[in-house]
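> The structure's right below; bear with me while I get my questions together.
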Amino acid sequence: MEKKIGNLFKGDKVIWMVFLFLCLISIVEVFSASSTLTYKSQSYIGPIMGHASKILMGFFLTIIILNIPCRYFKLMSPFLLAVTGFMLLWVCFVAPKTNDAGRWISILGIKFQPSEIAKGTMILITAQILSAMQRENGADKDAFKFIMWILIPTVLLIGVENLSTAALLFLVILLMMFIGRVPWQQLGKLLGIIAIIGAFALFFVMIVGEEDKEKDSNLTKTEQIDSAHEEKSGVAKAFSSILHRAGTWKTRIKDFVDDKYIAPEDYDLDKNMQVAHANIAIVSSRYIGRGPGNSVERDYLPQAYSDFIYAIIIEEIGLVGAAFVAFLYIILLFRTARIARRCENNFPAFLAMGLALLLVIQATFNMLVAVGLAPVTGQPLPLISRGGTSTIINCAYIGVILSVSRSAKKRKDGLAKAPEETHANNS
């Protein structure tokens with residue numbers, strides 16, 4: 001019996017423990033936080049059964065992927081790049097909008113976000129480029145150019161509809177290039193360009209973006225958007241069509257930087273409902289929490305089961321429970337770093353570290369938003385928040401890390417390779 005279980009849970013046991021803990025926490029907290037979905041569906045068990053089925057599918061996908069030798073992942077790059085490019089173009093120009101944002105496409109009745117696949121694809125390709133172009137003194141200068149040629153179009157296509165995901169992907173690839181020893185001169189120039197573009201983009205959003213205002217209640221959402229577009233003409237209308245998210249970005253930025261004190265009795269809960277109820281949930285935890293399933297704010301907090309589930313975790317299991325969840329992600333990152341350090345070849349090491357950075361940085365963004373230390377981004381908490389394809393894809397990323405821990409050739413001394421060994425291995 002023990003042998004059969006050992007054959008099932010192949011790969012690094014610590015990564016498996018972190019993965020299973022996150023999945024268990026997800027099932028408990030999503031079940032608690034899905035009260036609004038339960039009310040809408042009139043089914044007490046329906047929403048959590050749907051989420052549990054996604055986790056179960058992700059679990060089996062993890063097992064399948066970890067049994068694939070990591071060297072075969074390279075063969076998937078051309079296919080994934082072509083499919084990702086097509087889907088990103090489709091979602092930008094053809095796919096219908098949902099809540100004024102086009103992030104989803106539907107194939108055979110299955111809805112998913114192409115940006116989720118694009119993140120993994122870019123990490124896979126970056127790992128290949130960095131590993132293939134390692135030299136004695138670091139990565140070849142051309143590696144930076146090759147990565148940028150693929151990254152910039154991908155980030156632009158994602159950023160039009162989902163700026164936070166584009167920024168997350170760019171940050172992860174930047175860290176991968178740092179780990180991959182891309183020349184400091186190139187990284188420095190890139191950071192300078194990012195600072196300039198970021199300042200210009202912020203200025204542009206604050207000038208062009210229109211803050212959300214109350215519309216005529218007799219008009220539907222579609223009519224309101226059409227009416228707003230009819231008021232514009234020429235270049236202004238074109239910009240409005242392309243950057244229709246600018247108003248949302250402007251509102252979120254202003255809400256975050258506005259530190260003006262507002263008395264509790266004067267606070268408008270309807271104006272900034274997510275942040276307000278997240279703060280109430282955290283404060284009402286009283287450090288020790290109300291206990292699993294006893295959240296009050298889940299009935300008022302929009303996206304309590306997704307974007308703001310960390311606030312519900314704090315409300316129910318207190319600061320100790322919240323710290324434990326954060327600690328699980330830290331273990332995931334450091335354990336993956338240990339796995340990468342022991343790899344004989346560069347490709348599996350870069351791939352595993354890239355995926356771990358993606359999961360941990362996204363988790364960090366989500367937790368910072370929930371506690372009010374970052375503007376609202378819409379990033380879910382990986383492996384915990386309720387999701388569809390995102391949950392399954394995150395499980396696939398864990399499967400890749402486990403595959404690297406299981407099948408990547410390991411160094412006997414467990415130390416990082418010397419530069420001359422790196423060059424010889426990649427020649």
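Residues in the structure tokens are numbered from 1 in each chain, the chains being A, B, ... in the order shown, and ligands are numbered from 1 in the order shown.
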At a cut-off of 10 Å, using only C-alpha atoms, what residues contact stretch 29-33 of chain A? Leave out same-chain residues fewer than 6 positions from it and give the result as a ChimeraX atom specification.
/A:23,44-49,51-52,292-299,301,303-306,308-310,312-313,316-317,384-387
> Hey, can you spit out that residue selection with C-alpha atoms as a PDB file, in the first residue's frame?

ATOM      1  CA  CYS A  23      -5.899  22.662  -2.029  1.00  0.00           C
ATOM      2  CA  TYR A  44     -26.056  24.692  -0.991  1.00  0.00           C
ATOM      3  CA  ILE A  45     -23.550  22.191  -2.334  1.00  0.00           C
ATOM      4  CA  GLY A  46     -23.436  23.126  -6.030  1.00  0.00           C
ATOM      5  CA  PRO A  47     -20.772  25.904  -6.026  1.00  0.00           C
ATOM      6  CA  ILE A  48     -18.278  24.001  -3.865  1.00  0.00           C
ATOM      7  CA  MET A  49     -18.803  20.791  -5.843  1.00  0.00           C
ATOM      8  CA  HIS A  51     -14.792  24.090  -7.410  1.00  0.00           C
ATOM      9  CA  ALA A  52     -13.791  20.732  -5.920  1.00  0.00           C
ATOM     10  CA  PRO A 292     -13.874  28.341   9.705  1.00  0.00           C
ATOM     11  CA  GLY A 293     -17.286  28.880   8.142  1.00  0.00           C
ATOM     12  CA  ASN A 294     -18.214  31.785  10.423  1.00  0.00           C
ATOM     13  CA  SER A 295     -17.400  34.722   8.150  1.00  0.00           C
ATOM     14  CA  VAL A 296     -19.887  37.588   8.132  1.00  0.00           C
ATOM     15  CA  GLU A 297     -18.361  39.755   5.398  1.00  0.00           C
ATOM     16  CA  ARG A 298     -18.569  36.980   2.794  1.00  0.00           C
ATOM     17  CA  ASP A 299     -22.198  38.040   2.280  1.00  0.00           C
ATOM     18  CA  LEU A 301     -17.722  41.415  -0.071  1.00  0.00           C
ATOM     19  CA  GLN A 303     -15.489  38.345  -5.165  1.00  0.00           C
ATOM     20  CA  ALA A 304     -15.053  37.044  -1.602  1.00  0.00           C
ATOM     21  CA  TYR A 305     -14.342  33.592  -3.027  1.00  0.00           C
ATOM     22  CA  SER A 306     -11.791  34.868  -5.563  1.00  0.00           C
ATOM     23  CA  PHE A 308     -10.490  38.865  -1.828  1.00  0.00           C
ATOM     24  CA  ILE A 309     -10.469  35.373  -0.362  1.00  0.00           C
ATOM     25  CA  TYR A 310      -7.398  36.233   1.732  1.00  0.00           C
ATOM     26  CA  ILE A 312     -11.995  35.965   4.422  1.00  0.00           C
ATOM     27  CA  ILE A 313      -9.129  33.694   5.507  1.00  0.00           C
ATOM     28  CA  GLU A 316     -12.087  33.140   9.838  1.00  0.00           C
ATOM     29  CA  ILE A 317      -8.729  31.748  10.965  1.00  0.00           C
ATOM     30  CA  ILE A 384      -6.821  28.815  -3.249  1.00  0.00           C
ATOM     31  CA  SER A 385      -9.206  31.233  -4.977  1.00  0.00           C
ATOM     32  CA  ARG A 386     -12.222  29.817  -6.751  1.00  0.00           C
ATOM     33  CA  GLY A 387     -11.496  29.557 -10.435  1.00  0.00           C
TER      34      GLY A 387
END
> Looking only at the backbone, which of the residues in stretch 73-199 of chain A does DSSP tag as strand (DSSP E), as a ChimeraX atom specification?
/A:105-107,110-112,134-135,138-139
> Set the distance at 9 Å and use only C-alpha atoms: which residues neighbour A:Leu333 once local chain neighbours fewer than 2 positions away are removed? I'd like the list as a PDB file with N, CA and C atoms, in the first residue's frame.

ATOM      1  N   LEU A 328       3.279  29.002   3.402  1.00  0.00           N
ATOM      2  CA  LEU A 328       3.237  27.916   2.422  1.00  0.00           C
ATOM      3  C   LEU A 328       3.821  28.368   1.089  1.00  0.00           C
ATOM      4  N   TYR A 329       3.506  29.591   0.679  1.00  0.00           N
ATOM      5  CA  TYR A 329       4.060  30.102  -0.583  1.00  0.00           C
ATOM      6  C   TYR A 329       5.564  30.331  -0.466  1.00  0.00           C
ATOM      7  N   ILE A 330       6.008  30.777   0.699  1.00  0.00           N
ATOM      8  CA  ILE A 330       7.449  30.965   0.911  1.00  0.00           C
ATOM      9  C   ILE A 330       8.172  29.625   0.823  1.00  0.00           C
ATOM     10  N   ILE A 331       7.589  28.591   1.431  1.00  0.00           N
ATOM     11  CA  ILE A 331       8.189  27.257   1.345  1.00  0.00           C
ATOM     12  C   ILE A 331       8.257  26.799  -0.110  1.00  0.00           C
ATOM     13  N   ARG A 335      11.809  25.941  -1.630  1.00  0.00           N
ATOM     14  CA  ARG A 335      12.005  24.529  -1.970  1.00  0.00           C
ATOM     15  C   ARG A 335      12.290  24.379  -3.461  1.00  0.00           C
ATOM     16  N   THR A 336      11.593  25.161  -4.289  1.00  0.00           N
ATOM     17  CA  THR A 336      11.858  25.124  -5.728  1.00  0.00           C
ATOM     18  C   THR A 336      13.259  25.632  -6.030  1.00  0.00           C
ATOM     19  N   ALA A 337      13.700  26.650  -5.299  1.00  0.00           N
ATOM     20  CA  ALA A 337      15.068  27.155  -5.489  1.00  0.00           C
ATOM     21  C   ALA A 337      16.086  26.069  -5.169  1.00  0.00           C
ATOM     22  N   ARG A 338      15.802  25.275  -4.149  1.00  0.00           N
ATOM     23  CA  ARG A 338      16.708  24.177  -3.800  1.00  0.00           C
ATOM     24  C   ARG A 338      16.729  23.121  -4.906  1.00  0.00           C
ATOM     25  N   MET A 353      12.086  27.605 -11.524  1.00  0.00           N
ATOM     26  CA  MET A 353      12.137  28.875 -10.793  1.00  0.00           C
ATOM     27  C   MET A 353      11.164  29.890 -11.368  1.00  0.00           C
ATOM     28  N   ALA A 356       7.643  28.954 -10.139  1.00  0.00           N
ATOM     29  CA  ALA A 356       7.508  29.238  -8.707  1.00  0.00           C
ATOM     30  C   ALA A 356       7.404  30.740  -8.458  1.00  0.00           C
ATOM     31  N   LEU A 357       8.214  31.523  -9.149  1.00  0.00           N
ATOM     32  CA  LEU A 357       8.142  32.984  -9.015  1.00  0.00           C
ATOM     33  C   LEU A 357       6.771  33.499  -9.434  1.00  0.00           C
ATOM     34  N   LEU A 359       3.822  31.942  -9.345  1.00  0.00           N
ATOM     35  CA  LEU A 359       2.810  31.611  -8.338  1.00  0.00           C
ATOM     36  C   LEU A 359       2.983  32.452  -7.078  1.00  0.00           C
ATOM     37  N   VAL A 360       4.212  32.607  -6.627  1.00  0.00           N
ATOM     38  CA  VAL A 360       4.460  33.302  -5.358  1.00  0.00           C
ATOM     39  C   VAL A 360       4.246  34.810  -5.497  1.00  0.00           C
TER      40      VAL A 360
END
> Looking at only C-alpha atoms, which of A:Ala352, A:Met176, A:Val371, A:Ile393 is the one that sits closest to A:Pro114?
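Among the listed residues, the smallest separation from A:Pro114 belongs to A:Ile393.
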